[in-house]
Structures are given as structure tokens and as C-alpha cells.
>>> print(open('work.txt').read())   # compact mmCIF, N, CA and C atoms
# COMPACT_ATOMS: atom_id res chain seq x y z
N LEU A 1 107.21 127.49 110.96
CA LEU A 1 107.26 127.72 112.40
C LEU A 1 108.04 126.61 113.09
N PRO A 2 108.91 126.96 114.00
CA PRO A 2 109.67 125.94 114.74
C PRO A 2 108.82 125.31 115.83
N GLY A 3 109.29 124.20 116.34
CA GLY A 3 108.64 123.57 117.48
C GLY A 3 107.99 122.24 117.20
N GLY A 4 108.22 121.63 116.06
CA GLY A 4 107.56 120.37 115.75
C GLY A 4 108.46 119.15 115.83
N GLY A 5 109.66 119.29 116.38
CA GLY A 5 110.61 118.17 116.41
C GLY A 5 110.16 117.02 117.29
N PHE A 6 109.54 117.33 118.43
CA PHE A 6 109.13 116.28 119.35
C PHE A 6 107.99 115.44 118.77
N ILE A 7 106.94 116.11 118.32
CA ILE A 7 105.80 115.36 117.79
C ILE A 7 106.16 114.65 116.48
N ALA A 8 107.03 115.25 115.68
CA ALA A 8 107.48 114.58 114.46
C ALA A 8 108.27 113.32 114.78
N GLY A 9 109.08 113.37 115.84
CA GLY A 9 109.81 112.18 116.27
C GLY A 9 108.89 111.08 116.75
N LEU A 10 107.84 111.47 117.48
CA LEU A 10 106.87 110.46 117.94
C LEU A 10 106.11 109.84 116.77
N VAL A 11 105.71 110.65 115.80
CA VAL A 11 104.99 110.12 114.64
C VAL A 11 105.89 109.18 113.85
N THR A 12 107.15 109.53 113.67
CA THR A 12 108.08 108.65 112.96
C THR A 12 108.30 107.35 113.73
N ALA A 13 108.43 107.44 115.05
CA ALA A 13 108.60 106.22 115.85
C ALA A 13 107.38 105.31 115.74
N VAL A 14 106.19 105.89 115.73
CA VAL A 14 104.97 105.08 115.57
C VAL A 14 104.97 104.42 114.19
N ALA A 15 105.38 105.15 113.16
CA ALA A 15 105.45 104.56 111.82
C ALA A 15 106.44 103.41 111.77
N LEU A 16 107.58 103.55 112.42
CA LEU A 16 108.56 102.46 112.46
C LEU A 16 108.03 101.27 113.25
N ILE A 17 107.34 101.54 114.35
CA ILE A 17 106.76 100.46 115.15
C ILE A 17 105.73 99.69 114.32
N LEU A 18 104.90 100.41 113.58
CA LEU A 18 103.91 99.74 112.72
C LEU A 18 104.60 98.90 111.65
N GLN A 19 105.72 99.38 111.14
CA GLN A 19 106.48 98.60 110.16
C GLN A 19 106.98 97.30 110.78
N TYR A 20 107.50 97.38 112.00
CA TYR A 20 107.96 96.18 112.70
C TYR A 20 106.80 95.23 112.98
N LEU A 21 105.65 95.76 113.38
CA LEU A 21 104.50 94.91 113.67
C LEU A 21 103.93 94.26 112.41
N ALA A 22 103.89 95.01 111.32
CA ALA A 22 103.29 94.50 110.10
C ALA A 22 104.17 93.47 109.40
N ASN A 23 105.48 93.68 109.41
CA ASN A 23 106.36 92.83 108.62
C ASN A 23 107.33 91.99 109.43
N GLY A 24 107.41 92.21 110.72
CA GLY A 24 108.32 91.44 111.55
C GLY A 24 109.66 92.13 111.72
N VAL A 25 110.35 91.74 112.76
CA VAL A 25 111.62 92.36 113.12
C VAL A 25 112.69 92.06 112.07
N VAL A 26 112.80 90.81 111.66
CA VAL A 26 113.86 90.42 110.73
C VAL A 26 113.70 91.13 109.39
N TRP A 27 112.50 91.11 108.84
CA TRP A 27 112.25 91.74 107.54
C TRP A 27 112.55 93.23 107.59
N THR A 28 112.09 93.90 108.65
CA THR A 28 112.28 95.35 108.76
C THR A 28 113.74 95.70 108.97
N GLN A 29 114.44 94.95 109.81
CA GLN A 29 115.85 95.26 110.06
C GLN A 29 116.72 94.99 108.84
N GLN A 30 116.34 94.02 107.99
CA GLN A 30 117.09 93.77 106.77
C GLN A 30 116.98 94.96 105.81
N ARG A 31 115.85 95.63 105.81
CA ARG A 31 115.65 96.74 104.89
C ARG A 31 116.02 98.10 105.49
N LEU A 32 115.85 98.25 106.78
CA LEU A 32 116.08 99.55 107.42
C LEU A 32 117.56 99.77 107.73
N ARG A 33 118.23 98.76 108.28
CA ARG A 33 119.65 98.82 108.62
C ARG A 33 120.00 100.10 109.39
N LEU A 34 119.25 100.33 110.46
CA LEU A 34 119.44 101.54 111.26
C LEU A 34 119.70 101.14 112.70
N ASP A 35 120.78 101.67 113.24
CA ASP A 35 121.13 101.42 114.63
C ASP A 35 120.72 102.65 115.43
N TYR A 36 119.90 102.48 116.44
CA TYR A 36 119.29 103.61 117.12
C TYR A 36 120.19 104.35 118.12
N PRO A 37 121.15 103.73 118.80
CA PRO A 37 122.01 104.53 119.68
C PRO A 37 122.77 105.65 118.95
N PRO A 38 123.34 105.42 117.76
CA PRO A 38 123.99 106.54 117.06
C PRO A 38 122.99 107.63 116.64
N VAL A 39 121.77 107.24 116.27
CA VAL A 39 120.75 108.23 115.92
C VAL A 39 120.45 109.11 117.13
N ASN A 40 120.31 108.46 118.27
CA ASN A 40 120.06 109.17 119.52
C ASN A 40 121.21 110.13 119.84
N ALA A 41 122.43 109.66 119.73
CA ALA A 41 123.61 110.49 120.03
C ALA A 41 123.74 111.65 119.06
N LEU A 42 123.51 111.40 117.78
CA LEU A 42 123.59 112.47 116.78
C LEU A 42 122.55 113.55 117.05
N GLY A 43 121.33 113.14 117.35
CA GLY A 43 120.29 114.11 117.65
C GLY A 43 120.61 114.95 118.87
N LEU A 44 121.12 114.29 119.90
CA LEU A 44 121.49 115.00 121.12
C LEU A 44 122.64 115.98 120.85
N LEU A 45 123.60 115.57 120.05
CA LEU A 45 124.72 116.43 119.69
C LEU A 45 124.25 117.66 118.90
N ILE A 46 123.38 117.44 117.91
CA ILE A 46 122.87 118.56 117.10
C ILE A 46 122.08 119.53 117.97
N ALA A 47 121.19 119.02 118.81
CA ALA A 47 120.38 119.90 119.66
C ALA A 47 121.25 120.67 120.66
N THR A 48 122.24 120.01 121.23
CA THR A 48 123.12 120.67 122.20
C THR A 48 123.97 121.74 121.53
N LEU A 49 124.57 121.41 120.40
CA LEU A 49 125.42 122.40 119.72
C LEU A 49 124.62 123.58 119.21
N THR A 50 123.39 123.33 118.76
CA THR A 50 122.55 124.44 118.31
C THR A 50 122.19 125.34 119.47
N GLY A 51 121.88 124.75 120.61
CA GLY A 51 121.56 125.54 121.79
C GLY A 51 122.74 126.35 122.29
N LEU A 52 123.92 125.74 122.26
CA LEU A 52 125.12 126.43 122.73
C LEU A 52 125.66 127.43 121.71
N GLY A 53 125.27 127.29 120.45
CA GLY A 53 125.77 128.18 119.40
C GLY A 53 125.48 129.64 119.69
N SER A 54 124.27 129.93 120.14
CA SER A 54 123.93 131.32 120.44
C SER A 54 124.73 131.84 121.64
N TRP A 55 125.01 130.97 122.57
CA TRP A 55 125.77 131.33 123.78
C TRP A 55 127.21 131.75 123.40
N PHE A 56 127.79 131.03 122.42
CA PHE A 56 129.14 131.36 121.97
C PHE A 56 129.20 132.73 121.29
N PHE A 57 128.08 133.19 120.73
CA PHE A 57 128.03 134.50 120.08
C PHE A 57 127.55 135.61 121.02
N GLY A 58 127.44 135.29 122.32
CA GLY A 58 127.11 136.30 123.31
C GLY A 58 125.63 136.49 123.56
N TYR A 59 124.81 135.62 123.03
CA TYR A 59 123.37 135.71 123.26
C TYR A 59 122.96 134.68 124.31
N PRO A 60 121.77 134.82 124.90
CA PRO A 60 121.32 133.81 125.86
C PRO A 60 121.20 132.42 125.21
N LEU A 61 121.32 131.42 126.05
CA LEU A 61 121.24 130.02 125.59
C LEU A 61 119.93 129.78 124.84
N LEU A 62 120.00 129.07 123.74
CA LEU A 62 118.87 128.69 122.89
C LEU A 62 118.20 129.86 122.18
N THR A 63 118.91 130.99 122.04
CA THR A 63 118.36 132.11 121.26
C THR A 63 118.41 131.73 119.79
N SER A 64 117.30 131.90 119.09
CA SER A 64 117.21 131.52 117.69
C SER A 64 117.61 132.69 116.79
N ALA A 65 118.37 132.39 115.77
CA ALA A 65 118.74 133.36 114.76
C ALA A 65 118.06 132.95 113.45
N PHE A 66 117.78 133.91 112.59
CA PHE A 66 117.13 133.58 111.34
C PHE A 66 117.64 134.50 110.24
N GLY A 67 117.40 134.08 109.03
CA GLY A 67 117.78 134.87 107.87
C GLY A 67 116.89 134.52 106.71
N TYR A 68 116.83 135.41 105.73
CA TYR A 68 116.02 135.18 104.53
C TYR A 68 116.94 134.80 103.38
N PHE A 69 116.52 133.79 102.65
CA PHE A 69 117.30 133.30 101.53
C PHE A 69 116.40 133.19 100.32
N SER A 70 117.01 133.14 99.17
CA SER A 70 116.24 133.04 97.94
C SER A 70 116.84 131.96 97.05
N LEU A 71 115.99 131.09 96.56
CA LEU A 71 116.39 130.05 95.61
C LEU A 71 115.60 130.27 94.32
N PRO A 72 116.17 129.93 93.18
CA PRO A 72 115.50 130.20 91.91
C PRO A 72 114.11 129.57 91.79
N VAL A 73 113.96 128.34 92.15
CA VAL A 73 112.68 127.66 91.98
C VAL A 73 111.73 127.95 93.13
N VAL A 74 112.25 127.98 94.34
CA VAL A 74 111.44 128.13 95.55
C VAL A 74 111.07 129.58 95.79
N GLY A 75 112.00 130.48 95.57
CA GLY A 75 111.77 131.88 95.87
C GLY A 75 112.37 132.24 97.21
N LYS A 76 111.83 133.31 97.83
CA LYS A 76 112.36 133.79 99.10
C LYS A 76 111.74 133.01 100.26
N PHE A 77 112.57 132.58 101.21
CA PHE A 77 112.09 131.84 102.38
C PHE A 77 112.99 132.15 103.57
N GLU A 78 112.49 131.83 104.75
CA GLU A 78 113.21 132.09 105.99
C GLU A 78 113.78 130.79 106.55
N LEU A 79 115.01 130.84 107.00
CA LEU A 79 115.63 129.72 107.71
C LEU A 79 116.00 130.19 109.11
N ALA A 80 115.71 129.34 110.10
CA ALA A 80 116.02 129.69 111.49
C ALA A 80 116.83 128.57 112.12
N THR A 81 117.64 128.93 113.11
CA THR A 81 118.42 127.92 113.82
C THR A 81 117.51 127.02 114.66
N ALA A 82 116.30 127.48 114.93
CA ALA A 82 115.35 126.65 115.66
C ALA A 82 115.01 125.39 114.87
N MET A 83 115.06 125.48 113.54
CA MET A 83 114.80 124.31 112.71
C MET A 83 115.89 123.25 112.91
N VAL A 84 117.13 123.69 113.01
CA VAL A 84 118.23 122.76 113.24
C VAL A 84 118.08 122.12 114.62
N PHE A 85 117.68 122.91 115.62
CA PHE A 85 117.42 122.38 116.96
C PHE A 85 116.31 121.33 116.91
N ASP A 86 115.24 121.60 116.17
CA ASP A 86 114.14 120.64 116.05
C ASP A 86 114.56 119.36 115.35
N ILE A 87 115.49 119.45 114.42
CA ILE A 87 116.01 118.23 113.78
C ILE A 87 116.75 117.38 114.82
N GLY A 88 117.50 118.04 115.69
CA GLY A 88 118.18 117.31 116.77
C GLY A 88 117.20 116.67 117.73
N VAL A 89 116.14 117.41 118.09
CA VAL A 89 115.10 116.85 118.97
C VAL A 89 114.42 115.68 118.28
N TYR A 90 114.12 115.82 117.00
CA TYR A 90 113.48 114.76 116.22
C TYR A 90 114.31 113.47 116.26
N LEU A 91 115.59 113.58 115.95
CA LEU A 91 116.45 112.39 115.94
C LEU A 91 116.57 111.78 117.34
N THR A 92 116.65 112.62 118.36
CA THR A 92 116.74 112.12 119.73
C THR A 92 115.48 111.37 120.13
N VAL A 93 114.32 111.91 119.80
CA VAL A 93 113.05 111.26 120.18
C VAL A 93 112.89 109.93 119.45
N VAL A 94 113.20 109.90 118.15
CA VAL A 94 113.10 108.63 117.41
C VAL A 94 114.04 107.59 118.02
N GLY A 95 115.28 107.99 118.29
CA GLY A 95 116.25 107.06 118.86
C GLY A 95 115.85 106.55 120.23
N VAL A 96 115.39 107.44 121.10
CA VAL A 96 115.03 107.04 122.46
C VAL A 96 113.80 106.14 122.47
N VAL A 97 112.76 106.51 121.73
CA VAL A 97 111.52 105.71 121.72
C VAL A 97 111.80 104.31 121.17
N MET A 98 112.56 104.22 120.10
CA MET A 98 112.84 102.90 119.53
C MET A 98 113.73 102.07 120.45
N LEU A 99 114.69 102.70 121.13
CA LEU A 99 115.51 101.96 122.09
C LEU A 99 114.67 101.43 123.25
N ILE A 100 113.77 102.25 123.75
CA ILE A 100 112.91 101.82 124.85
C ILE A 100 112.06 100.64 124.42
N LEU A 101 111.45 100.73 123.25
CA LEU A 101 110.58 99.64 122.80
C LEU A 101 111.35 98.37 122.49
N PHE A 102 112.56 98.49 121.93
CA PHE A 102 113.36 97.29 121.68
C PHE A 102 113.76 96.63 122.99
N ASN A 103 114.13 97.42 124.00
CA ASN A 103 114.49 96.84 125.29
C ASN A 103 113.29 96.22 125.97
N LEU A 104 112.12 96.81 125.83
CA LEU A 104 110.91 96.19 126.37
C LEU A 104 110.60 94.87 125.66
N GLY A 105 110.83 94.84 124.35
CA GLY A 105 110.62 93.61 123.60
C GLY A 105 111.59 92.52 124.02
N LYS A 106 112.83 92.88 124.30
CA LYS A 106 113.82 91.90 124.76
C LYS A 106 113.47 91.41 126.16
N ALA A 107 112.96 92.29 127.00
CA ALA A 107 112.62 91.91 128.37
C ALA A 107 111.43 90.97 128.40
N SER A 108 110.54 91.10 127.42
CA SER A 108 109.37 90.23 127.40
C SER A 108 109.70 88.83 126.92
N GLY A 109 110.88 88.65 126.33
CA GLY A 109 111.29 87.33 125.85
C GLY A 109 110.74 87.01 124.48
N ALA A 110 110.22 87.98 123.78
CA ALA A 110 109.67 87.74 122.45
C ALA A 110 110.80 87.45 121.49
N ALA A 111 110.70 86.33 120.78
CA ALA A 111 111.72 85.96 119.81
C ALA A 111 111.39 86.59 118.47
N PRO A 112 112.37 87.19 117.78
CA PRO A 112 112.08 87.77 116.48
C PRO A 112 111.77 86.68 115.46
N VAL A 113 110.66 86.80 114.79
CA VAL A 113 110.24 85.83 113.79
C VAL A 113 109.90 86.58 112.52
N ALA A 114 110.49 86.15 111.43
CA ALA A 114 110.18 86.77 110.15
C ALA A 114 108.81 86.29 109.69
N PRO A 115 107.99 87.16 109.13
CA PRO A 115 106.65 86.76 108.70
C PRO A 115 106.72 85.77 107.55
N GLY A 116 105.85 84.78 107.58
CA GLY A 116 105.77 83.80 106.51
C GLY A 116 106.83 82.71 106.56
N ILE A 117 107.71 82.75 107.53
CA ILE A 117 108.76 81.74 107.64
C ILE A 117 108.44 80.85 108.83
N LEU A 118 108.28 79.57 108.58
CA LEU A 118 107.96 78.62 109.64
C LEU A 118 109.20 77.84 110.01
N PRO A 119 109.32 77.43 111.26
CA PRO A 119 110.46 76.60 111.64
C PRO A 119 110.46 75.29 110.85
N PRO A 120 111.62 74.65 110.63
CA PRO A 120 111.70 73.43 109.82
C PRO A 120 110.80 72.31 110.32
N ALA A 121 110.66 72.12 111.63
CA ALA A 121 109.82 71.05 112.15
C ALA A 121 108.36 71.28 111.76
N THR A 122 107.95 72.53 111.70
CA THR A 122 106.57 72.83 111.35
C THR A 122 106.32 72.53 109.88
N LEU A 123 107.31 72.77 109.03
CA LEU A 123 107.14 72.49 107.62
C LEU A 123 107.07 70.99 107.35
N ALA A 124 107.86 70.21 108.08
CA ALA A 124 107.89 68.77 107.85
C ALA A 124 106.62 68.11 108.36
N GLU A 125 106.16 68.48 109.51
CA GLU A 125 104.97 67.88 110.10
C GLU A 125 104.03 69.00 110.52
N PRO A 126 103.16 69.46 109.60
CA PRO A 126 102.34 70.61 109.92
C PRO A 126 101.37 70.39 111.07
N PHE A 127 100.97 69.14 111.33
CA PHE A 127 100.00 68.90 112.40
C PHE A 127 100.61 68.23 113.61
N ALA A 128 101.94 68.18 113.69
CA ALA A 128 102.59 67.57 114.84
C ALA A 128 102.34 68.44 116.06
N GLY A 129 101.97 67.84 117.12
CA GLY A 129 101.73 68.57 118.35
C GLY A 129 100.32 69.12 118.47
N ALA A 130 99.54 69.00 117.43
CA ALA A 130 98.16 69.49 117.50
C ALA A 130 97.32 68.50 118.29
N LEU A 131 96.39 68.98 119.04
CA LEU A 131 95.51 68.11 119.80
C LEU A 131 94.48 67.48 118.86
N PRO A 132 94.20 66.19 119.05
CA PRO A 132 93.21 65.55 118.17
C PRO A 132 91.83 66.12 118.48
N CYS A 133 91.06 66.28 117.42
CA CYS A 133 89.70 66.79 117.58
C CYS A 133 88.77 65.62 117.90
N ALA A 134 88.01 65.76 118.91
CA ALA A 134 87.05 64.72 119.28
C ALA A 134 85.69 65.07 118.69
N SER A 135 85.01 64.06 118.21
CA SER A 135 83.66 64.30 117.68
C SER A 135 82.72 64.51 118.85
N PRO A 136 81.62 65.20 118.66
CA PRO A 136 80.69 65.45 119.76
C PRO A 136 80.15 64.17 120.38
N ARG A 137 80.04 63.09 119.59
CA ARG A 137 79.51 61.82 120.13
C ARG A 137 80.52 61.11 121.00
N ALA A 138 81.81 61.33 120.77
CA ALA A 138 82.85 60.62 121.51
C ALA A 138 83.03 61.19 122.92
N SER A 139 82.67 62.45 123.13
CA SER A 139 82.84 63.04 124.46
C SER A 139 81.61 62.77 125.31
N PRO A 140 81.81 62.55 126.64
CA PRO A 140 80.67 62.29 127.51
C PRO A 140 79.80 63.54 127.66
N PRO A 141 78.54 63.37 127.87
CA PRO A 141 77.66 64.53 128.05
C PRO A 141 78.06 65.30 129.30
N MET A 142 77.81 66.58 129.29
CA MET A 142 78.24 67.47 130.37
C MET A 142 77.49 67.19 131.67
N ASN A 143 76.20 66.85 131.66
CA ASN A 143 75.45 66.66 132.88
C ASN A 143 75.21 65.18 133.18
N GLU A 144 76.12 64.33 132.83
CA GLU A 144 75.96 62.91 133.05
C GLU A 144 76.01 62.57 134.54
N GLY A 145 76.72 63.29 135.34
CA GLY A 145 76.91 62.98 136.75
C GLY A 145 75.69 63.30 137.59
N ARG A 146 74.67 63.98 137.13
CA ARG A 146 73.52 64.37 137.94
C ARG A 146 72.54 63.28 138.04
>>> encode(input="work.txt", output="C-alpha cells")
Amino acid sequence: LPGGGFIAGLVTAVALILQYLANGVVWTQQRLRLDYPPVNALGLLIATLTGLGSWFFGYPLLTSAFGYFSLPVVGKFELATAMVFDIGVYLTVVGVVMLILFNLGKASGAAPVAPGILPPATLAEPFAGALPCASPRASPPMNEGR
């Protein structure tokens, strides 16, 4: 059944966001190597051309066509142009959601940090900048002024 492109795009975007949260931006981008504006543009192009395809054949805009096909291992199955439209919607939703979240991350000023990698100053002096711990006897009692 057609119609799952939007929710599939949201689920994929959530999975990608969890990957970024779990492993960090640097680690994920090194392995994913995906630029989201082209994904967004490709999805929009596929969805638009699929919608206009029926119009070029004299049918109303976004009219779905289907046919039955048979493969040796799979058997007989139906393919519809609505599936191609949903793939375009899927790619567009993934691209847009990830672009929005990346821009929100940039606006917040969050610096990308790879997990498990500490800045050089932290490695050299692990306790530099830490506040000294005072023993309970060294601090004045809380109600001394009464």
C-alpha cells in the first residue's frame, strides 16, 4: 500500500539523530558521508516528476498507475507509481529534518566533539581547572551567624 513515505522519512531521521547523539557528530559524519541538501533536492525532484508524469499522459495530476510483474523467486507482485512518489517524499523528509536539526545545532553554538577524544590540555593535566574539594571540617558551619 502506498502512503508511507512521510512517516518512513521521520523514522529514518530519528534513527540518524540517535546515531549522532550516541556516537557524536565527527564519528557519524566520517562513516555516513552524506550531504543533506542533495538528498532533499533529489527527493523533491523524484516526487515532482512522479506527480507530473501522469499529467503528461493526459491524466489528472498525481494519478497513480500500476502494473503486475512476476519475478522467478518472488512471484507475482504489483508495482505502482505511488511507490516512486513515496520514495521522493521519504528522501525529502529525511533531508529537510536533518537540515533543520543541523542548523538548530549550529545556532545553539554546540561544538562538534568526537566521543572519547579529549582536548590536549585535558590529557596533560586531567585535574587542571577543577575546584579543590574542601573537607567538612574546613568549612564554617552554616548557622554560625545566629
>>> select_by_dssp(input="work.txt", residues="stretch 20-126 of chain A", states="strand (DSSP E)", output="short mmCIF file (atom, residue, chain, number, x, y, z; two decimals) with N, CA and C atoms, keeping the file's coordinate frame")
data_model
loop_
_atom_site.label_atom_id
_atom_site.label_comp_id
_atom_site.auth_asym_id
_atom_site.auth_seq_id
_atom_site.Cartn_x
_atom_site.Cartn_y
_atom_site.Cartn_z
N PHE A 66 117.78 133.91 112.59
CA PHE A 66 117.13 133.58 111.34
C PHE A 66 117.64 134.50 110.24
N GLY A 67 117.40 134.08 109.03
CA GLY A 67 117.78 134.87 107.87
C GLY A 67 116.89 134.52 106.71
N TYR A 68 116.83 135.41 105.73
CA TYR A 68 116.02 135.18 104.53
C TYR A 68 116.94 134.80 103.38
N PHE A 69 116.52 133.79 102.65
CA PHE A 69 117.30 133.30 101.53
C PHE A 69 116.40 133.19 100.32
N SER A 70 117.01 133.14 99.17
CA SER A 70 116.24 133.04 97.94
C SER A 70 116.84 131.96 97.05
N LEU A 71 115.99 131.09 96.56
CA LEU A 71 116.39 130.05 95.61
C LEU A 71 115.60 130.27 94.32
N GLY A 75 112.00 130.48 95.57
CA GLY A 75 111.77 131.88 95.87
C GLY A 75 112.37 132.24 97.21
N LYS A 76 111.83 133.31 97.83
CA LYS A 76 112.36 133.79 99.10
C LYS A 76 111.74 133.01 100.26
N PHE A 77 112.57 132.58 101.21
CA PHE A 77 112.09 131.84 102.38
C PHE A 77 112.99 132.15 103.57
N GLU A 78 112.49 131.83 104.75
CA GLU A 78 113.21 132.09 105.99
C GLU A 78 113.78 130.79 106.55
N LEU A 79 115.01 130.84 107.00
CA LEU A 79 115.63 129.72 107.71
C LEU A 79 116.00 130.19 109.11
N ALA A 80 115.71 129.34 110.10
CA ALA A 80 116.02 129.69 111.49
C ALA A 80 116.83 128.57 112.12
#
>>> closest_residue(input="work.txt", among="A:Val97, A:Gln19, A:Gly3, A:Gly43", to="A:Thr81", atoms="only C-alpha atoms")
A:Gly3
>>> residues_near_point(input="work.txt", point="(110.8, 109.2, 120.3)", cutoff="10 Å", atoms="only C-alpha atoms", output="ChimeraX atom specification")
/A:5-14,40,89-101
>>> closest_residue(input="work.txt", among="A:Val74, A:Ile87, A:Ala41, A:Ile17", to="A:Gly4", atoms="only C-alpha atoms")
A:Ile87
>>> axis_aligned_box(input="work.txt", around="stretch 60-67 of chain A", padding_each_side="4 Å", output="AutoDock Vina command-line options")
--center_x 119.3 --center_y 131.8 --center_z 116.4 --size_x 12.9 --size_y 14.2 --size_z 27.3
>>> closest_residue(input="work.txt", among="A:Leu32, A:Leu62, A:Asn103, A:Asn23", to="A:Ala82", atoms="all atoms listed in the file")
A:Leu62
>>> atom_distance(input="work.txt", atom1="atom C of A:Gly88", atom2="atom CA of A:Pro72")
29.2 Å
>>> atom_distance(input="work.txt", atom1="atom CA of A:Ala47", atom2="atom C of A:Val84")
6.0 Å
>>> decode(input="work.txt", residues="stretch 85-103 of chain A", atoms="C-alpha atoms", output="mmCIF file, in the first residue's frame")
data_model
loop_
_atom_site.group_PDB
_atom_site.id
_atom_site.type_symbol
_atom_site.label_atom_id
_atom_site.label_comp_id
_atom_site.auth_asym_id
_atom_site.auth_seq_id
_atom_site.Cartn_x
_atom_site.Cartn_y
_atom_site.Cartn_z
ATOM 1 C CA PHE A 85 6.321 9.231 -5.248
ATOM 2 C CA ASP A 86 6.702 7.945 -1.664
ATOM 3 C CA ILE A 87 10.428 7.418 -2.217
ATOM 4 C CA GLY A 88 10.666 11.073 -3.233
ATOM 5 C CA VAL A 89 8.687 12.137 -0.152
ATOM 6 C CA TYR A 90 10.910 9.915 2.011
ATOM 7 C CA LEU A 91 14.132 11.479 0.730
ATOM 8 C CA THR A 92 12.701 14.992 1.046
ATOM 9 C CA VAL A 93 11.590 14.454 4.656
ATOM 10 C CA VAL A 94 14.948 12.956 5.697
ATOM 11 C CA GLY A 95 16.826 15.821 4.031
ATOM 12 C CA VAL A 96 14.639 18.583 5.468
ATOM 13 C CA VAL A 97 14.531 17.226 9.046
ATOM 14 C CA MET A 98 18.290 16.710 9.170
ATOM 15 C CA LEU A 99 18.960 20.173 7.704
ATOM 16 C CA ILE A 100 16.672 21.782 10.275
ATOM 17 C CA LEU A 101 18.332 19.961 13.158
ATOM 18 C CA PHE A 102 21.854 20.721 11.930
ATOM 19 C CA ASN A 103 21.002 24.413 11.612
#
